[in-house]
Amino acid sequence: MGQAYIDLASLLIDRKEEFKVDLEDPHVAEDLGYLLLDLTLVPKTSDEKEEYLAKRNRLVETQRSMKAQIWSSVVSLVLIEGKGLLPMDDNGLSDPYCKFRLGNEKYKSKVAAKTLNPRWLEQFDLHMYDDQTSVLEISVWDKDVGSKDDFMGRCQVDLSELKREETHHIEKELEDGAGSVSFLLTITGSAGNETITDLANYMPDPRERLEVQRRFSLLRSLRNLNDVGLLQVKVIKATGLLAADFGGKSDPFCVLELTNARLQTQTIYKTLNPEWGKVFTFQVKDIHSILEVSCYDEDRNKSAEFLGKVAIPLLRIKNGERKAFFLKDKKLRRRTKGSIVLEMEVIYNSIKASWRTFNPKEVKYLQMEQKFKRQVLVRNLQRVSRLVMAVVNTGRFVKSCFEWESKTRSITAFIMYVLMVWNFELYMLPLVLLSIFFKYYIVRSVMEGRTDQQEEAEEEEQDEDEDDEERGKEKSKSFKEKLQAIQDVCQTVQNGLDEVASLGESVKNAFNWTVPFLSWLAVITLAIATVVLYFIPLRYLVLVWGINKFTKKLRNPNAIPNNELLDFLSRVPSDEELIEYKELKSEETQ
């Protein structure tokens, strides 16, 4: 009636798999039907199982040693936190850590000491192969010193059910009510021309583009306020990258991050000039987000090696422009070898973007850890000193008016003071702020063509700081350990100074029109405030504000308490961030 063949080498041990096999007969041309089978490969003895797994592992390692991307995709996993885990120690707490397994690849997180609600914030890259399982196994363990670690719970994620090239925020319950773990998971890095992210297959659809523009049109401003826009990034190629391997070559791949969304290209082996030809799409939740594009060298037996990075604010993107960006180091201060060619387009709704500006920023889970460094502390002290000196100089100016150091200045100030006090109304306050905005707008327009000598001087100062840092590394480790407690205090002071300086610089940069979108938003808000204060008594406004604050939690229990002014200022970059975002023009300028 017919026959069929099944390759048993494709089966995984102790895993039931469903097969549909078509019946064939070499002497009969007609359709003979098919069979549906559930097959499970079970070794007779444990020795046979170990022998089978050893052969399979040797085969995989042999394939990996051939410099070709034989993995089909990369599973990028950001482990965020666990909640409500089981107490395993006598003190009613645990020292939990996570283990991940995908096929033959395993990883383990760091240990979170004495907690049932750990927060790990670690990133792992696992690889998917066509011939292996697509089930990601996650287990939670309690670390015990001097004895075997205790098992706390486990869960599984079937990766075949998740959409590729999209970051998923998953909170998975552990078996038997042992708590939960939350993580970000992205299946990306697919190779081959058959993938939807390949530029060779990409054909712009005018109807789809029209639908996207309609989706983010002003007429739909009140629909889904968190869906601000769409970002499309075409990763064309890179040139002149750093050689990370012994043969003077690298195995580069590119990672794109937009806040917590993380996508990456395939690896191009043995080259310093890779051509990836990929196109990626990101959902934009905040138009003030920063796109970070990093290049890495893939190493088979260790973590990827950093090659270069560039940070691009979404508001600086020129739609449809293909452009080469020179790469920087990890701190985004110095130039490193190579450049990357990108073509980007961002479509967004300006009303939604404005509304989102006055709401809390999305927290980025993976950030570079701040460590105490003398150069950073000194730099933050200088930043705060500049702000203090600006206040002191303003006070000196006012004092000079009182002491009649300049008769013309004092007479003018006295007349303005009398007129303002005599005719003062509350609506004049936002008018004064508006006048400051327009003053700096005129100054910015006049000074738009100035040279970048000051910025270059600042960069030279930063370079000197980096040189001092290298010399500082020669100090003995034992001396640093003795001063660890002092360093912790100094780090707190350093971070506090940074927050104060960043806030002051954000206020200054808002008035300086550093980000025109934000400055225009402030101008429009102040203009509306002027009209409202002119026509509506202050007590009514205070009453409405108080009712809103008191009932906000009742109307929306999940609402996050926030300060709209601080949320606005958090979107204005500080001077340090402006240095990081500065685009390098050419090699000669560095």
# chains A, B, ... in the order shown; residues from 1 in each chain; ligands from 1
$ select_by_dssp --residues "stretch 199-433 of chain A" --states "strand (DSSP E)" --output "ChimeraX atom specification"
/A:229-239,252-258,261-264,275-284,290-297,305-313,322-328,335-348
$ residues_around --residues "stretch 510-526 of chain A" --least-positions-apart "2" --cutoff "7 Å" --atoms "only C-alpha atoms" --output "list of chain:residue names"
A:Pro430, A:Leu434, A:Phe437, A:Tyr440, A:Tyr441, A:Ser506, A:Val507, A:Lys508, A:Ile528, A:Ala529, A:Thr530, A:Val572
$ atom_distance --atom1 "atom CA of A:Leu543" --atom2 "atom CA of A:Leu431"
22.9 Å
$ atom_distance --atom1 "atom CA of A:Cys98" --atom2 "atom CA of A:Leu366"
17.3 Å
$ atom_distance --atom1 "atom CA of A:Ile6" --atom2 "atom CA of A:Leu23"
11.5 Å
$ closest_residue --among "A:Gly103, A:Tyr348, A:Gln264, A:Gln123" --to "A:Arg220" --atoms "only C-alpha atoms"
A:Tyr348
$ closest_residue --among "A:Gln132, A:Thr45, A:Ser289, A:Thr239" --to "A:Glu275" --atoms "only C-alpha atoms"
A:Thr239
$ residues_around --residues "A:Leu242" --least-positions-apart "5" --cutoff "7 Å" --atoms "only C-alpha atoms" --output "ChimeraX atom specification"
/A:272,307,337-338
$ write_last_selection --atoms "N, CA, C and O atoms" --output "short mmCIF file (atom, residue, chain, number, x, y, z; two decimals), in the first residue's frame"
data_model
loop_
_atom_site.label_atom_id
_atom_site.label_comp_id
_atom_site.auth_asym_id
_atom_site.auth_seq_id
_atom_site.Cartn_x
_atom_site.Cartn_y
_atom_site.Cartn_z
N LEU A 272 36.42 43.23 7.52
CA LEU A 272 36.36 44.52 8.22
C LEU A 272 35.37 45.46 7.55
O LEU A 272 35.18 46.59 8.01
N LEU A 307 33.27 46.74 19.16
CA LEU A 307 34.01 47.36 18.07
C LEU A 307 33.72 48.86 17.95
O LEU A 307 34.61 49.62 17.54
N LYS A 337 37.80 53.16 15.34
CA LYS A 337 37.94 52.87 13.91
C LYS A 337 36.61 52.46 13.30
O LYS A 337 35.82 51.76 13.91
N GLY A 338 36.39 52.91 12.06
CA GLY A 338 35.25 52.43 11.29
C GLY A 338 34.06 53.37 11.28
O GLY A 338 33.97 54.33 12.06
#
$ closest_residue --among "A:Ser109, A:Ser94, A:Asn349, A:Ser160" --to "A:Asp144" --atoms "only C-alpha atoms"
A:Ser94
$ residues_around --residues "A:Ala112" --least-positions-apart "4" --cutoff "6 Å" --atoms "only C-alpha atoms" --output "list in words"
Asp95, Pro96 and Pro118 of chain A
$ write_last_selection --atoms "N, CA, C and O atoms" --output "PDB file, in the first residue's frame"
ATOM      1  N   ASP A  95      18.636  33.090  48.116  1.00  0.00           N
ATOM      2  CA  ASP A  95      19.697  33.704  47.302  1.00  0.00           C
ATOM      3  C   ASP A  95      19.516  33.201  45.867  1.00  0.00           C
ATOM      4  O   ASP A  95      20.278  32.350  45.385  1.00  0.00           O
ATOM      5  N   PRO A  96      18.501  33.714  45.165  1.00  0.00           N
ATOM      6  CA  PRO A  96      18.118  33.097  43.888  1.00  0.00           C
ATOM      7  C   PRO A  96      18.999  33.508  42.702  1.00  0.00           C
ATOM      8  O   PRO A  96      19.554  34.609  42.654  1.00  0.00           O
ATOM      9  N   PRO A 118      14.012  39.237  43.551  1.00  0.00           N
ATOM     10  CA  PRO A 118      15.310  39.666  43.010  1.00  0.00           C
ATOM     11  C   PRO A 118      15.155  40.530  41.759  1.00  0.00           C
ATOM     12  O   PRO A 118      14.179  40.420  41.021  1.00  0.00           O
TER      13      PRO A 118
END
$ residues_around --residues "stretch 295-301 of chain A" --least-positions-apart "6" --cutoff "6 Å" --atoms "only C-alpha atoms" --output "ChimeraX atom specification"
/A:250-254,307-308
$ closest_residue --among "A:Ser134, A:Ser350, A:Ser303, A:Ser339" --to "A:Asn273" --atoms "only C-alpha atoms"
A:Ser339
$ closest_residue --among "A:Lys234, A:Lys278, A:Arg322, A:Arg262" --to "A:Asn201" --atoms "only C-alpha atoms"
A:Lys278
$ residues_around --residues "stretch 204-212 of chain A" --least-positions-apart "5" --cutoff "12 Å" --atoms "only C-alpha atoms" --output "ChimeraX atom specification"
/A:199,217,220,227-232,279,283,345-349
$ write_last_selection --atoms "C-alpha atoms" --output "short mmCIF file (atom, residue, chain, number, x, y, z; two decimals), in the first residue's frame"
data_model
loop_
_atom_site.label_atom_id
_atom_site.label_comp_id
_atom_site.auth_asym_id
_atom_site.auth_seq_id
_atom_site.Cartn_x
_atom_site.Cartn_y
_atom_site.Cartn_z
CA LEU A 199 16.85 44.32 1.97
CA SER A 217 -2.12 61.49 11.44
CA ARG A 220 -6.09 60.04 15.17
CA ASP A 227 1.65 54.47 20.20
CA VAL A 228 3.62 57.58 19.22
CA GLY A 229 5.24 56.53 15.97
CA LEU A 230 7.22 54.06 13.87
CA LEU A 231 10.96 53.91 13.17
CA GLN A 232 12.46 52.04 10.22
CA VAL A 279 15.84 46.49 7.55
CA GLN A 283 7.53 50.92 17.66
CA GLU A 345 12.85 57.05 8.62
CA VAL A 346 10.68 58.01 11.57
CA ILE A 347 6.96 58.77 11.31
CA TYR A 348 5.20 60.06 14.42
CA ASN A 349 2.20 61.95 15.69
#
$ closest_residue --among "A:Ile340, A:Ile415, A:Leu387, A:Cys401" --to "A:Leu503" --atoms "only C-alpha atoms"
A:Leu387
$ residues_around --residues "A:Ser502" --least-positions-apart "6" --cutoff "9 Å" --atoms "only C-alpha atoms" --output "list in words"
Arg383, Val384, Ser570, Pro573, Ser574, Asp575 and Glu576 of chain A
$ write_last_selection --atoms "N, CA and C atoms" --output "compact mmCIF listing (two decimals), in the first residue's frame"
# COMPACT_ATOMS: atom_id res chain seq x y z
N ARG A 383 30.84 71.17 36.60
CA ARG A 383 29.52 71.47 36.02
C ARG A 383 28.62 72.21 37.01
N VAL A 384 28.62 71.72 38.27
CA VAL A 384 27.82 72.39 39.29
C VAL A 384 28.37 73.80 39.56
N SER A 570 13.35 66.03 31.88
CA SER A 570 14.10 64.78 31.68
C SER A 570 14.31 64.47 30.21
N PRO A 573 18.29 67.17 26.85
CA PRO A 573 19.62 66.58 27.14
C PRO A 573 20.50 67.53 27.93
N SER A 574 21.32 66.97 28.81
CA SER A 574 22.33 67.74 29.53
C SER A 574 23.53 67.96 28.61
N ASP A 575 24.50 68.73 29.08
CA ASP A 575 25.70 68.98 28.28
C ASP A 575 26.48 67.68 28.04
N GLU A 576 26.51 66.80 29.04
CA GLU A 576 27.21 65.53 28.88
C GLU A 576 26.53 64.68 27.81
